[in-house]
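These notes concern the structure reproduced below.
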Amino acid sequence: MHTRLDFLYDCQCDTCKHQTEVLNLAANPFKNLLKAAENAYKALHKKGSYHPNDLNEVEAYQDLIFETNGILSRAFKDNDMSPKMLESLENDVFLFSGLKTHAQLFEASRLLLTEDKTVKSFATFSKDVASIKSNYNENYLEAEYDFAVGSVQMAERWDNFSDSNRYYLQYRTAADDKVRDSHEALHGITLPKDDPFWDKYLPTLGWRCRCTAVQVLKELAEISDSKEALKRGEKATTQVGKNGKNKLEIFRFNAGKQKVVFPPDHPYNKVVGAKKAKAATQKLNIKELKTTADVNQHFADFAKQHPHYFAKGFKHIKTTTKRGVNGYTYMEGDVYLKKPIMDQVREGINHIKKGLKTTLEQETALSTMHHEILHNSNKVGNVRMTTLQVRYMELANEFISRKRLPDFLKNLGGNLENKVLMNNRTNTGYNTMVRNYDALIDFVKGDRTKIINAVEKHLINENYQIQAEGLINAIADNTPYKLNKNNVRSLISYGLRSSEEHYKTYLNANKELLKTKRR
């Protein structure tokens, strides 16, 4: 493939003297691309094989796609086009970045094995793919970025050209000694916007082409012969190589009309597995959350889809500098989180949006978020409470928060990868009393599903001042033993202030409470 691309990207034309704008890939921010490429090749070697679907599974591959897209997307700087056109062009650049990543990984994967079908050492593999890596991520990228700049500019012009019959479009070169003869022959061609010439020969007509098209008043310009213009356009985009193929034919497209940046027939689209790589890339084409404002908007949209999480409606999600807390809420549709936790929430959601597995740190932060959101599910709202009432309320809220964490992650579009968080979340001061309540359920051989449902129903529907009753009744009503509710209250109360070790000793000392079974 890279041999074919070398031929495609090299003009090999004596009359083309244009010097391309060179991207300094060794300097910020482009050094991140080279680092991402190195990590992708390391991941490829470690995996020992490659399949297009890996683009959805291997984070290093995705990083390379996003870094490539980041560089090519610089072509959109200071644009003035309609949101619809911009979105379409941005999607095309992202898809191109995915296909480019696929092309180089596929090509490199063919150099993974020795003649006896064993995986080469990384040193040998790295040496063998060095030219592939540098070509794709330096040489080809320079030409692709340069083309993207011109293509985006022409798409922007097309988007802003008037459809009025008062105007023609006119082809113009840069009018200097660097212009190719074949492009010079197109200079001055003047035709209506709907002429078929512009379907194929709107600039940019090649790598490093600087030609453009402008709008001119009909009465001030002489219309060209359309058939003659088509012949010149065909000649300008014809360069047949030794393989008998015309390498310039791919430039016969209209970026503005087709709403794309790169040639639809670019070789990246024809690599083995390109269709699957395209499908995989499209799944990754998401808008990452970069700020707290993005997180806020994400959960505003989430609240519309899952309104039961916010009984009073969604208000906002913000960071807090308040000491001694991970987060808090006034139960008015508001959530406040410490910045490190907010950052992990943002990254966790980005992982979910990309189809990646969330990490323990991310899910721990999302657990904190869920705890505060669950407070907002209460239909009564905030009330004054005593210190003891607060303890019972937080016990109920944290107990349900962690038991329903898989549902929360599922509603966010992900899966709970670290199920330990359903029973043990060490970043909260409520962890011990919740684990003690879990131990009490086991002690009385309670029906866990019924207890969770009962506590949840009471938590959502009843006043926070009486959450102790919900916790007590859930245990007393869903155990095979006949238990006095005052005894259950004492068992729960001791768990609010006891260590796990002491609580187990306390429960064992009260086994006589389990002597009588229900009939």
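If you're wondering about the labels, chains in the structure tokens are A, B, ... by order shown, residues count from 1 in each chain, ligands from 1 in order shown.
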For this session: Please identify which residues in range 194-420 of chain A DSSP calls strand (DSSP E or B) from the backbone, and express them as a ChimeraX atom specification.
Result: /A:212-217,240,246,316-320,327-328,334-338
Preceding selection exported with N, CA and C atoms as a PDB file, in the first residue's frame:
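File out_30.pdb, as written:
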```pdb
ATOM      1  N   THR A 212      -8.413  27.849  -7.110  1.00  0.00           N
ATOM      2  CA  THR A 212      -9.642  28.189  -6.405  1.00  0.00           C
ATOM      3  C   THR A 212     -10.739  28.477  -7.420  1.00  0.00           C
ATOM      4  N   ALA A 213     -11.919  28.747  -6.922  1.00  0.00           N
ATOM      5  CA  ALA A 213     -13.042  29.160  -7.770  1.00  0.00           C
ATOM      6  C   ALA A 213     -13.696  30.361  -7.102  1.00  0.00           C
ATOM      7  N   VAL A 214     -14.102  31.329  -7.898  1.00  0.00           N
ATOM      8  CA  VAL A 214     -14.730  32.535  -7.352  1.00  0.00           C
ATOM      9  C   VAL A 214     -16.049  32.782  -8.066  1.00  0.00           C
ATOM     10  N   GLN A 215     -16.873  33.607  -7.462  1.00  0.00           N
ATOM     11  CA  GLN A 215     -18.151  33.962  -8.044  1.00  0.00           C
ATOM     12  C   GLN A 215     -18.013  35.313  -8.751  1.00  0.00           C
ATOM     13  N   VAL A 216     -18.519  35.383  -9.996  1.00  0.00           N
ATOM     14  CA  VAL A 216     -18.426  36.627 -10.756  1.00  0.00           C
ATOM     15  C   VAL A 216     -19.798  36.990 -11.303  1.00  0.00           C
ATOM     16  N   LEU A 217     -20.033  38.277 -11.452  1.00  0.00           N
ATOM     17  CA  LEU A 217     -21.297  38.730 -12.028  1.00  0.00           C
ATOM     18  C   LEU A 217     -21.398  38.313 -13.486  1.00  0.00           C
ATOM     19  N   VAL A 240      -1.360   8.795 -15.988  1.00  0.00           N
ATOM     20  CA  VAL A 240      -1.363   7.335 -15.960  1.00  0.00           C
ATOM     21  C   VAL A 240       0.032   6.818 -15.630  1.00  0.00           C
ATOM     22  N   ASN A 246      -4.842   5.702 -13.630  1.00  0.00           N
ATOM     23  CA  ASN A 246      -4.798   7.169 -13.569  1.00  0.00           C
ATOM     24  C   ASN A 246      -4.857   7.609 -12.112  1.00  0.00           C
ATOM     25  N   HIS A 316     -28.379  21.552  37.344  1.00  0.00           N
ATOM     26  CA  HIS A 316     -27.007  21.667  36.862  1.00  0.00           C
ATOM     27  C   HIS A 316     -26.086  20.697  37.588  1.00  0.00           C
ATOM     28  N   ILE A 317     -24.904  20.511  37.009  1.00  0.00           N
ATOM     29  CA  ILE A 317     -23.809  19.760  37.628  1.00  0.00           C
ATOM     30  C   ILE A 317     -22.588  20.676  37.617  1.00  0.00           C
ATOM     31  N   LYS A 318     -21.995  20.894  38.786  1.00  0.00           N
ATOM     32  CA  LYS A 318     -20.865  21.797  38.908  1.00  0.00           C
ATOM     33  C   LYS A 318     -19.788  21.190  39.800  1.00  0.00           C
ATOM     34  N   THR A 319     -18.610  21.795  39.777  1.00  0.00           N
ATOM     35  CA  THR A 319     -17.543  21.385  40.695  1.00  0.00           C
ATOM     36  C   THR A 319     -17.667  22.190  41.985  1.00  0.00           C
ATOM     37  N   THR A 320     -17.041  21.685  43.057  1.00  0.00           N
ATOM     38  CA  THR A 320     -17.068  22.368  44.345  1.00  0.00           C
ATOM     39  C   THR A 320     -15.689  22.308  44.987  1.00  0.00           C
ATOM     40  N   GLY A 327     -18.834  15.141  47.238  1.00  0.00           N
ATOM     41  CA  GLY A 327     -19.869  15.831  46.494  1.00  0.00           C
ATOM     42  C   GLY A 327     -21.058  16.083  47.403  1.00  0.00           C
ATOM     43  N   TYR A 328     -22.006  16.845  46.910  1.00  0.00           N
ATOM     44  CA  TYR A 328     -23.219  17.088  47.688  1.00  0.00           C
ATOM     45  C   TYR A 328     -24.315  17.594  46.759  1.00  0.00           C
ATOM     46  N   ASP A 334     -29.621  19.499  41.361  1.00  0.00           N
ATOM     47  CA  ASP A 334     -28.249  19.977  41.327  1.00  0.00           C
ATOM     48  C   ASP A 334     -27.303  18.931  41.895  1.00  0.00           C
ATOM     49  N   VAL A 335     -26.100  18.866  41.338  1.00  0.00           N
ATOM     50  CA  VAL A 335     -25.057  17.980  41.842  1.00  0.00           C
ATOM     51  C   VAL A 335     -23.748  18.756  41.835  1.00  0.00           C
ATOM     52  N   TYR A 336     -23.000  18.657  42.930  1.00  0.00           N
ATOM     53  CA  TYR A 336     -21.687  19.292  43.053  1.00  0.00           C
ATOM     54  C   TYR A 336     -20.653  18.217  43.360  1.00  0.00           C
ATOM     55  N   LEU A 337     -19.556  18.201  42.615  1.00  0.00           N
ATOM     56  CA  LEU A 337     -18.501  17.212  42.808  1.00  0.00           C
ATOM     57  C   LEU A 337     -17.143  17.892  42.892  1.00  0.00           C
ATOM     58  N   LYS A 338     -16.247  17.298  43.648  1.00  0.00           N
ATOM     59  CA  LYS A 338     -14.866  17.769  43.670  1.00  0.00           C
ATOM     60  C   LYS A 338     -14.268  17.590  42.266  1.00  0.00           C
TER      61      LYS A 338
END
```
Backbone-only DSSP, helix (DSSP H, G or I) members of range 325-362 of chain A, as a CSV table (one decimal) with N, CA, C and O atoms, in the first residue's frame:
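selection_35.csv was written with the following content:
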```
chain,number,residue,atom,x,y,z
A,339,LYS,N,-13.4,18.5,41.9
A,339,LYS,CA,-12.8,18.5,40.5
A,339,LYS,C,-12.2,17.1,40.1
A,339,LYS,O,-12.4,16.7,39.0
A,340,PRO,N,-11.3,16.5,41.0
A,340,PRO,CA,-10.7,15.2,40.6
A,340,PRO,C,-11.8,14.2,40.3
A,340,PRO,O,-11.6,13.4,39.4
A,341,ILE,N,-12.9,14.2,41.0
A,341,ILE,CA,-14.0,13.2,40.8
A,341,ILE,C,-14.7,13.6,39.5
A,341,ILE,O,-15.0,12.7,38.7
A,342,MET,N,-14.9,14.9,39.3
A,342,MET,CA,-15.6,15.4,38.1
A,342,MET,C,-14.8,15.0,36.8
A,342,MET,O,-15.3,14.5,35.8
A,343,ASP,N,-13.4,15.1,37.0
A,343,ASP,CA,-12.6,14.7,35.8
A,343,ASP,C,-12.7,13.2,35.5
A,343,ASP,O,-12.7,12.8,34.3
A,344,GLN,N,-12.8,12.4,36.6
A,344,GLN,CA,-12.9,11.0,36.3
A,344,GLN,C,-14.3,10.6,35.8
A,344,GLN,O,-14.4,9.7,35.0
A,345,VAL,N,-15.3,11.4,36.2
A,345,VAL,CA,-16.6,11.2,35.6
A,345,VAL,C,-16.6,11.5,34.1
A,345,VAL,O,-17.1,10.7,33.3
A,346,ARG,N,-16.0,12.6,33.8
A,346,ARG,CA,-15.9,13.0,32.4
A,346,ARG,C,-15.2,11.9,31.5
A,346,ARG,O,-15.6,11.5,30.5
A,347,GLU,N,-14.0,11.4,32.1
A,347,GLU,CA,-13.3,10.4,31.3
A,347,GLU,C,-14.0,9.1,31.3
A,347,GLU,O,-14.0,8.4,30.3
A,348,GLY,N,-14.8,8.8,32.3
A,348,GLY,CA,-15.6,7.6,32.3
A,348,GLY,C,-16.7,7.6,31.2
A,348,GLY,O,-16.9,6.6,30.5
A,349,ILE,N,-17.3,8.8,31.1
A,349,ILE,CA,-18.3,8.9,30.1
A,349,ILE,C,-17.7,8.9,28.7
A,349,ILE,O,-18.3,8.3,27.8
A,350,ASN,N,-16.5,9.5,28.5
A,350,ASN,CA,-15.8,9.4,27.3
A,350,ASN,C,-15.5,8.0,26.9
A,350,ASN,O,-15.6,7.6,25.7
A,351,HIS,N,-15.1,7.2,27.9
A,351,HIS,CA,-14.8,5.8,27.6
A,351,HIS,C,-16.1,5.1,27.2
A,351,HIS,O,-16.0,4.3,26.2
A,352,ILE,N,-17.2,5.4,27.8
A,352,ILE,CA,-18.5,4.7,27.4
A,352,ILE,C,-18.8,5.1,26.0
A,352,ILE,O,-19.3,4.3,25.2
A,353,LYS,N,-18.7,6.4,25.7
A,353,LYS,CA,-19.0,6.9,24.4
A,353,LYS,C,-18.2,6.3,23.3
A,353,LYS,O,-18.6,6.1,22.1
A,354,LYS,N,-16.9,5.9,23.6
A,354,LYS,CA,-16.0,5.3,22.7
A,354,LYS,C,-16.2,3.8,22.6
A,354,LYS,O,-15.6,3.1,21.8
A,360,LEU,N,-11.6,1.3,37.2
A,360,LEU,CA,-12.1,1.3,38.6
A,360,LEU,C,-12.2,2.8,39.1
A,360,LEU,O,-13.2,3.1,39.8
A,361,GLU,N,-11.2,3.6,38.7
A,361,GLU,CA,-11.2,5.0,39.2
A,361,GLU,C,-12.4,5.7,38.6
A,361,GLU,O,-13.1,6.5,39.3
A,362,GLN,N,-12.7,5.5,37.3
A,362,GLN,CA,-13.8,6.1,36.7
A,362,GLN,C,-15.1,5.7,37.3
A,362,GLN,O,-16.0,6.5,37.5
```
Problem set entry | Distance query His502 in chain A at most 12 Å, only C-alpha atoms, self and fewer than 5 positions along chain excluded, as a PyMOL selection string | chain A and resi 432-433+436+439+494-497+507-509
Kindly save the residues from that selection, with C-alpha atoms included, as a CSV table (one decimal), in the first residue's frame.
```csv
chain,number,residue,atom,x,y,z
A,432,THR,CA,-18.6,0.7,56.8
A,433,MET,CA,-22.3,1.2,57.8
A,436,ASN,CA,-22.7,-3.7,58.1
A,439,ALA,CA,-23.9,-8.3,56.8
A,494,TYR,CA,-25.2,-0.6,66.2
A,495,GLY,CA,-24.0,-1.0,62.6
A,496,LEU,CA,-24.1,2.8,62.1
A,497,ARG,CA,-21.3,3.3,64.6
A,507,LEU,CA,-24.3,-10.2,65.4
A,508,ASN,CA,-22.9,-13.5,66.6
A,509,ALA,CA,-23.7,-12.5,70.2
```
Exercise. Which residues, written as a ChimeraX atom specification, have at least one atom at most 6 Å from range 35-49 of chain A, with only C-alpha atoms counted and residues fewer than 5 positions away on the same chain left out?
Worked result: /A:60-61,64
Using only C-alpha atoms, find each residue in range 259-311 of chain A having at least one atom no more than 10 Å away from range 130-153 of chain A; report its shortest atom-to-atom pair and that distance in Å (one decimal), rows by chain then rising number, as JSON lines.
```
{"residue": "A:Lys259", "atom": "CA", "partner": "A:Val152", "partner_atom": "CA", "distance": 9.4}
{"residue": "A:Val260", "atom": "CA", "partner": "A:Ser151", "partner_atom": "CA", "distance": 8.4}
{"residue": "A:Val261", "atom": "CA", "partner": "A:Ser151", "partner_atom": "CA", "distance": 5.5}
{"residue": "A:Phe262", "atom": "CA", "partner": "A:Ala148", "partner_atom": "CA", "distance": 7.0}
{"residue": "A:Pro263", "atom": "CA", "partner": "A:Ser151", "partner_atom": "CA", "distance": 9.6}
```
Exercise. Counting only C-alpha atoms, which of A:Pro196, A:Gly244, A:Pro203, A:Gly446 gets nearest to Tyr171 in chain A?
Worked result: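 Going through A:Pro196, A:Gly244, A:Pro203, A:Gly446 one by one, the smallest distance to Tyr171 in chain A is for A:Pro203.
Comparing A:Leu356, A:Leu202, A:Ala103, A:Met331 by their smallest distance to Gly413 in chain A, the closest is A:Leu356 (using only C-alpha atoms).
When CA of Asn160 in chain A is paired with CA of Gly256 in chain A, their separation reads 9.6 Å.
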Exercise. Mind pulling up the distance from CA of Leu191 in chain A to CA of Ser224 in chain A?
Worked result: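 That distance, rounded to one decimal, is 6.0 Å.
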For this session: Excluding Asp80 in chain A and residues on its chain fewer than 3 positions from it, collect all residues at most 9 Å away from it, counting only C-alpha atoms, and give them as a PyMOL selection string.
Result: chain A and resi 86+156-157+160
For this session: Identify which of the residues A:Val272, A:Trp198, A:Phe302, A:Glu234 lies closest to Leu105 in chain A, counting only C-alpha atoms when measuring atom-to-atom distances.
Result: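 Counting only C-alpha atoms, the residue closest to Leu105 in chain A is A:Val272.
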For this session: Return the single residue from A:Ala75, A:Ile65, A:Ala476, A:Val390 that is closest to Lys100 in chain A, with distances computed using only C-alpha atoms.
Result: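 Closest residue, counting only C-alpha atoms: A:Ile65.
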For this session: Fewer than 3 positions away in the same chain doesn't count, so skip those; otherwise give me all residues within 8 Å of Ile373 in chain A, counting only C-alpha atoms, as JSON, numbers by chain.
Result: {"A": [309, 310, 333, 335, 369, 370, 376, 377]}
